[in-house]
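Let me begin by presenting the structure, written as structure tokens, before commenting on it.
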Amino acid sequence: MVTPAVKHNIVKKRTAHFKRHQSDRFMRVGESWRKPKGIDSRVRRRFGGTAPMPKIGYGSAKKTRHMLPNGFRKFSVSNVRELDLLLMHNRSYAAEIAHNVSSKNRIAIIARAAQLDVKVINAGGRLRSEE
């Protein structure tokens, strides 16, 4: 079982999603964030009581950015050769097998990862035999 070299405490400044202005009023306006561009927009002018806008201050700490809760960072792997890149970084990066990899190649990647002592995040995917 591989453990991360250093496990930092991950602090998120904000976990709620930024909702698009007036997405609660109209069905045609989706919730995914779009910057308000209107000349009289209260949200764009940052009036009190309006929805907050995303800005650089909400960013994560550099040490814990892109870090998974288990302390590793993700590295997408499509074949065994790409897995060998993690040989020296197996305490800071964990392999994630790409979605378009066949079950035959997944078995080979997982076997090689066990030899290199590399953690595979989605090791259980597409491994069950037919019933």
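As shown in the structure tokens, the chain order sets the letters A, B, ...; within each chain, residues go from 1, and ligands are also counted from 1 in the order they appear.
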
Can you pull out every residue from chain A that DSSP, working from the backbone, puts in alpha helix (DSSP H), and format the result as a VMD selection string?
chain A and resid 80 to 83 103 to 116

For the contact check between range 38-61 of chain A and range 3-13 of chain A, emit one row per residue of range 38-61 of chain A within 8 Å, containing the shortest atom pair and the distance in Å rounded to one decimal, counting only C-alpha atoms, chain then rising number order, as a tab-separated table.
residue	atom	partner	partner_atom	distance
A:Tyr58	CA	A:Lys13	CA	5.8
A:Gly59	CA	A:Lys13	CA	7.3
A:Ser60	CA	A:Lys12	CA	6.3
A:Ala61	CA	A:Val11	CA	7.8

Expected file: the selected residues, N, CA, C and O atoms, as an mmCIF file, in the first residue's frame:
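Written output follows (part01.cif):
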data_model
loop_
_atom_site.group_PDB
_atom_site.id
_atom_site.type_symbol
_atom_site.label_atom_id
_atom_site.label_comp_id
_atom_site.auth_asym_id
_atom_site.auth_seq_id
_atom_site.Cartn_x
_atom_site.Cartn_y
_atom_site.Cartn_z
ATOM 1 N N TYR A 58 -10.339 33.257 -4.376
ATOM 2 C CA TYR A 58 -10.922 31.986 -3.967
ATOM 3 C C TYR A 58 -10.011 30.797 -4.280
ATOM 4 O O TYR A 58 -10.358 29.665 -3.982
ATOM 5 N N GLY A 59 -8.868 31.039 -4.907
ATOM 6 C CA GLY A 59 -7.990 29.941 -5.327
ATOM 7 C C GLY A 59 -7.431 29.141 -4.162
ATOM 8 O O GLY A 59 -7.304 29.641 -3.042
ATOM 9 N N SER A 60 -7.065 27.898 -4.433
ATOM 10 C CA SER A 60 -6.518 27.019 -3.409
ATOM 11 C C SER A 60 -5.046 27.328 -3.171
ATOM 12 O O SER A 60 -4.391 27.951 -4.005
ATOM 13 N N ALA A 61 -4.524 26.849 -2.059
ATOM 14 C CA ALA A 61 -3.109 26.994 -1.762
ATOM 15 C C ALA A 61 -2.302 26.199 -2.781
ATOM 16 O O ALA A 61 -2.732 25.140 -3.242
#

My list of candidates is A:Ala95, A:Val43, A:Leu85, A:Met53. Which is closest to Lys119 in chain A when distances are computed with only C-alpha atoms?
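Residue with the minimum atom-to-atom distance to Lys119 in chain A: A:Ala95.
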
Applying 12 Å and only C-alpha atoms, which residues near Lys35 in chain A remain after dropping the ones on its own chain fewer than 6 positions away? List them as a list of chain:residue names.
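Skipping anything fewer than 6 positions along the chain leaves A:Phe18, A:Lys19, A:Arg20, A:His21, A:Gln22, A:Ser41, A:Arg42, A:Val43, A:Arg44, A:Arg45, A:Arg46, A:Ala51, A:Pro52, A:Met53, A:Pro54, A:Lys55.
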
Could you dump the residues just selected with N, CA, C and O atoms as a PDB file, in the first residue's frame?
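Below is the file that was written, selection05.pdb:
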ATOM      1  N   PHE A  18     -20.524  28.691  -7.894  1.00  0.00           N
ATOM      2  CA  PHE A  18     -20.982  30.025  -8.276  1.00  0.00           C
ATOM      3  C   PHE A  18     -22.124  29.845  -9.270  1.00  0.00           C
ATOM      4  O   PHE A  18     -21.943  29.226 -10.314  1.00  0.00           O
ATOM      5  N   LYS A  19     -23.275  30.415  -8.923  1.00  0.00           N
ATOM      6  CA  LYS A  19     -24.441  30.266  -9.789  1.00  0.00           C
ATOM      7  C   LYS A  19     -24.575  31.477 -10.689  1.00  0.00           C
ATOM      8  O   LYS A  19     -24.287  32.606 -10.292  1.00  0.00           O
ATOM      9  N   ARG A  20     -25.028  31.245 -11.894  1.00  0.00           N
ATOM     10  CA  ARG A  20     -25.218  32.318 -12.866  1.00  0.00           C
ATOM     11  C   ARG A  20     -26.354  33.252 -12.429  1.00  0.00           C
ATOM     12  O   ARG A  20     -27.378  32.789 -11.898  1.00  0.00           O
ATOM     13  N   HIS A  21     -26.148  34.528 -12.655  1.00  0.00           N
ATOM     14  CA  HIS A  21     -27.132  35.550 -12.283  1.00  0.00           C
ATOM     15  C   HIS A  21     -28.470  35.289 -12.993  1.00  0.00           C
ATOM     16  O   HIS A  21     -28.492  35.034 -14.194  1.00  0.00           O
ATOM     17  N   GLN A  22     -29.546  35.320 -12.217  1.00  0.00           N
ATOM     18  CA  GLN A  22     -30.918  35.115 -12.666  1.00  0.00           C
ATOM     19  C   GLN A  22     -31.203  33.695 -13.163  1.00  0.00           C
ATOM     20  O   GLN A  22     -32.209  33.458 -13.820  1.00  0.00           O
ATOM     21  N   SER A  41     -25.703  45.977 -14.591  1.00  0.00           N
ATOM     22  CA  SER A  41     -25.795  44.758 -13.788  1.00  0.00           C
ATOM     23  C   SER A  41     -25.314  44.984 -12.353  1.00  0.00           C
ATOM     24  O   SER A  41     -24.189  45.435 -12.119  1.00  0.00           O
ATOM     25  N   ARG A  42     -26.181  44.635 -11.387  1.00  0.00           N
ATOM     26  CA  ARG A  42     -25.821  44.785  -9.974  1.00  0.00           C
ATOM     27  C   ARG A  42     -24.743  43.788  -9.582  1.00  0.00           C
ATOM     28  O   ARG A  42     -23.893  44.096  -8.744  1.00  0.00           O
ATOM     29  N   VAL A  43     -24.784  42.600 -10.163  1.00  0.00           N
ATOM     30  CA  VAL A  43     -23.791  41.574  -9.820  1.00  0.00           C
ATOM     31  C   VAL A  43     -22.411  41.987 -10.339  1.00  0.00           C
ATOM     32  O   VAL A  43     -21.409  41.889  -9.624  1.00  0.00           O
ATOM     33  N   ARG A  44     -22.361  42.473 -11.585  1.00  0.00           N
ATOM     34  CA  ARG A  44     -21.069  42.903 -12.145  1.00  0.00           C
ATOM     35  C   ARG A  44     -20.476  44.056 -11.346  1.00  0.00           C
ATOM     36  O   ARG A  44     -19.263  44.120 -11.137  1.00  0.00           O
ATOM     37  N   ARG A  45     -21.340  44.970 -10.854  1.00  0.00           N
ATOM     38  CA  ARG A  45     -20.867  46.126 -10.094  1.00  0.00           C
ATOM     39  C   ARG A  45     -20.634  45.810  -8.622  1.00  0.00           C
ATOM     40  O   ARG A  45     -20.255  46.678  -7.841  1.00  0.00           O
ATOM     41  N   ARG A  46     -20.868  44.558  -8.241  1.00  0.00           N
ATOM     42  CA  ARG A  46     -20.598  44.031  -6.897  1.00  0.00           C
ATOM     43  C   ARG A  46     -21.333  44.785  -5.797  1.00  0.00           C
ATOM     44  O   ARG A  46     -20.746  45.162  -4.787  1.00  0.00           O
ATOM     45  N   ALA A  51     -25.129  38.071  -5.726  1.00  0.00           N
ATOM     46  CA  ALA A  51     -24.347  36.825  -5.769  1.00  0.00           C
ATOM     47  C   ALA A  51     -22.856  37.142  -5.929  1.00  0.00           C
ATOM     48  O   ALA A  51     -22.497  38.062  -6.666  1.00  0.00           O
ATOM     49  N   PRO A  52     -21.990  36.385  -5.249  1.00  0.00           N
ATOM     50  CA  PRO A  52     -20.545  36.619  -5.420  1.00  0.00           C
ATOM     51  C   PRO A  52     -20.070  36.125  -6.778  1.00  0.00           C
ATOM     52  O   PRO A  52     -20.627  35.181  -7.333  1.00  0.00           O
ATOM     53  N   MET A  53     -19.035  36.790  -7.302  1.00  0.00           N
ATOM     54  CA  MET A  53     -18.445  36.393  -8.572  1.00  0.00           C
ATOM     55  C   MET A  53     -17.132  35.665  -8.298  1.00  0.00           C
ATOM     56  O   MET A  53     -16.441  35.990  -7.335  1.00  0.00           O
ATOM     57  N   PRO A  54     -16.753  34.690  -9.154  1.00  0.00           N
ATOM     58  CA  PRO A  54     -15.466  34.025  -8.972  1.00  0.00           C
ATOM     59  C   PRO A  54     -14.332  35.020  -9.170  1.00  0.00           C
ATOM     60  O   PRO A  54     -14.375  35.841 -10.071  1.00  0.00           O
ATOM     61  N   LYS A  55     -13.329  34.934  -8.320  1.00  0.00           N
ATOM     62  CA  LYS A  55     -12.149  35.772  -8.489  1.00  0.00           C
ATOM     63  C   LYS A  55     -10.939  35.033  -7.938  1.00  0.00           C
ATOM     64  O   LYS A  55     -11.062  34.010  -7.268  1.00  0.00           O
TER      65      LYS A  55
END

Contacts of Arg73 in chain A within 9 Å, only C-alpha atoms, excl. fewer than 4 positions in-chain, as JSON, numbers by chain
{"A": [65, 66, 67, 68, 92, 93, 94, 95]}

Export N, CA and C atoms of the chosen residues as a PDB file, in the first residue's frame?
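Generated output (result_30.pdb):
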ATOM      1  N   ARG A  65      -3.179  22.415  -4.336  1.00  0.00           N
ATOM      2  CA  ARG A  65      -3.983  22.553  -5.562  1.00  0.00           C
ATOM      3  C   ARG A  65      -3.952  21.242  -6.358  1.00  0.00           C
ATOM      4  N   HIS A  66      -5.076  20.826  -6.884  1.00  0.00           N
ATOM      5  CA  HIS A  66      -5.255  19.583  -7.659  1.00  0.00           C
ATOM      6  C   HIS A  66      -4.979  18.330  -6.831  1.00  0.00           C
ATOM      7  N   MET A  67      -4.941  18.449  -5.507  1.00  0.00           N
ATOM      8  CA  MET A  67      -4.644  17.298  -4.673  1.00  0.00           C
ATOM      9  C   MET A  67      -5.939  16.557  -4.321  1.00  0.00           C
ATOM     10  N   LEU A  68      -5.891  15.244  -4.388  1.00  0.00           N
ATOM     11  CA  LEU A  68      -7.034  14.415  -4.012  1.00  0.00           C
ATOM     12  C   LEU A  68      -7.097  14.306  -2.488  1.00  0.00           C
ATOM     13  N   SER A  92       3.973  10.914  -4.786  1.00  0.00           N
ATOM     14  CA  SER A  92       3.251  12.183  -4.939  1.00  0.00           C
ATOM     15  C   SER A  92       2.143  12.102  -5.987  1.00  0.00           C
ATOM     16  N   TYR A  93       2.251  11.198  -6.966  1.00  0.00           N
ATOM     17  CA  TYR A  93       1.235  11.068  -8.009  1.00  0.00           C
ATOM     18  C   TYR A  93       0.636   9.671  -7.992  1.00  0.00           C
ATOM     19  N   ALA A  94      -0.659   9.600  -8.265  1.00  0.00           N
ATOM     20  CA  ALA A  94      -1.357   8.328  -8.389  1.00  0.00           C
ATOM     21  C   ALA A  94      -1.862   8.212  -9.825  1.00  0.00           C
ATOM     22  N   ALA A  95      -1.799   7.017 -10.384  1.00  0.00           N
ATOM     23  CA  ALA A  95      -2.238   6.801 -11.766  1.00  0.00           C
ATOM     24  C   ALA A  95      -3.756   6.691 -11.814  1.00  0.00           C
TER      25      ALA A  95
END

Gap from CA of Ala108 in chain A to CA of Met1 in chain A - Å, one decimal:
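These two atoms are separated by 18.5 Å.
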
Hey, what does DSSP flag as strand (DSSP E) within range 14-117 of chain A? Can you give it to me as a list in words?
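Of range 14-117 of chain A, only Arg73, Lys74, Phe75, Ser76, Val77, Tyr93, Ala94, Ala95, Glu96 and Ile97 of chain A fall in strand (DSSP E).
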
Can I get the selected residues back with C-alpha atoms, as a PDB file, in the first residue's frame?
ATOM      1  CA  ARG A  73      -2.293  14.099  -7.427  1.00  0.00           C
ATOM      2  CA  LYS A  74      -3.880  12.481 -10.498  1.00  0.00           C
ATOM      3  CA  PHE A  75      -1.891  11.354 -13.528  1.00  0.00           C
ATOM      4  CA  SER A  76      -3.863   9.972 -16.472  1.00  0.00           C
ATOM      5  CA  VAL A  77      -2.436   6.757 -17.947  1.00  0.00           C
ATOM      6  CA  TYR A  93       1.235  11.068  -8.009  1.00  0.00           C
ATOM      7  CA  ALA A  94      -1.357   8.328  -8.389  1.00  0.00           C
ATOM      8  CA  ALA A  95      -2.238   6.801 -11.766  1.00  0.00           C
ATOM      9  CA  GLU A  96      -5.741   7.082 -13.145  1.00  0.00           C
ATOM     10  CA  ILE A  97      -6.489   4.749 -16.055  1.00  0.00           C
TER      11      ILE A  97
END

Just checking: using only C-alpha atoms, which residue out of A:Val2, A:Val29, A:Ile39, A:Ile56 ends up closest to Gln115 in chain A?
A:Val2

Just checking: using only C-alpha atoms, which residue out of A:Arg81, A:Arg34, A:His89, A:Arg126 ends up closest to Val101 in chain A?
A:Arg126

Of the candidates A:Thr50, A:Asn79, A:Thr15, A:Thr64, which shows the shortest atom-to-atom distance to Ala111 in chain A, using only C-alpha atoms?
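Checking each of A:Thr50, A:Asn79, A:Thr15, A:Thr64 against Ala111 in chain A, counting only C-alpha atoms, the winner is A:Asn79.
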
d(CA of Ile107 in chain A, CA of Gly71 in chain A) in Å
24.7 Å

A:Arg91, A:Arg14, A:Arg28, A:His99 ranked by distance to Gly57 in chain A, top pick (using only C-alpha atoms):
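Distance minimum relative to Gly57 in chain A lands on A:Arg14.
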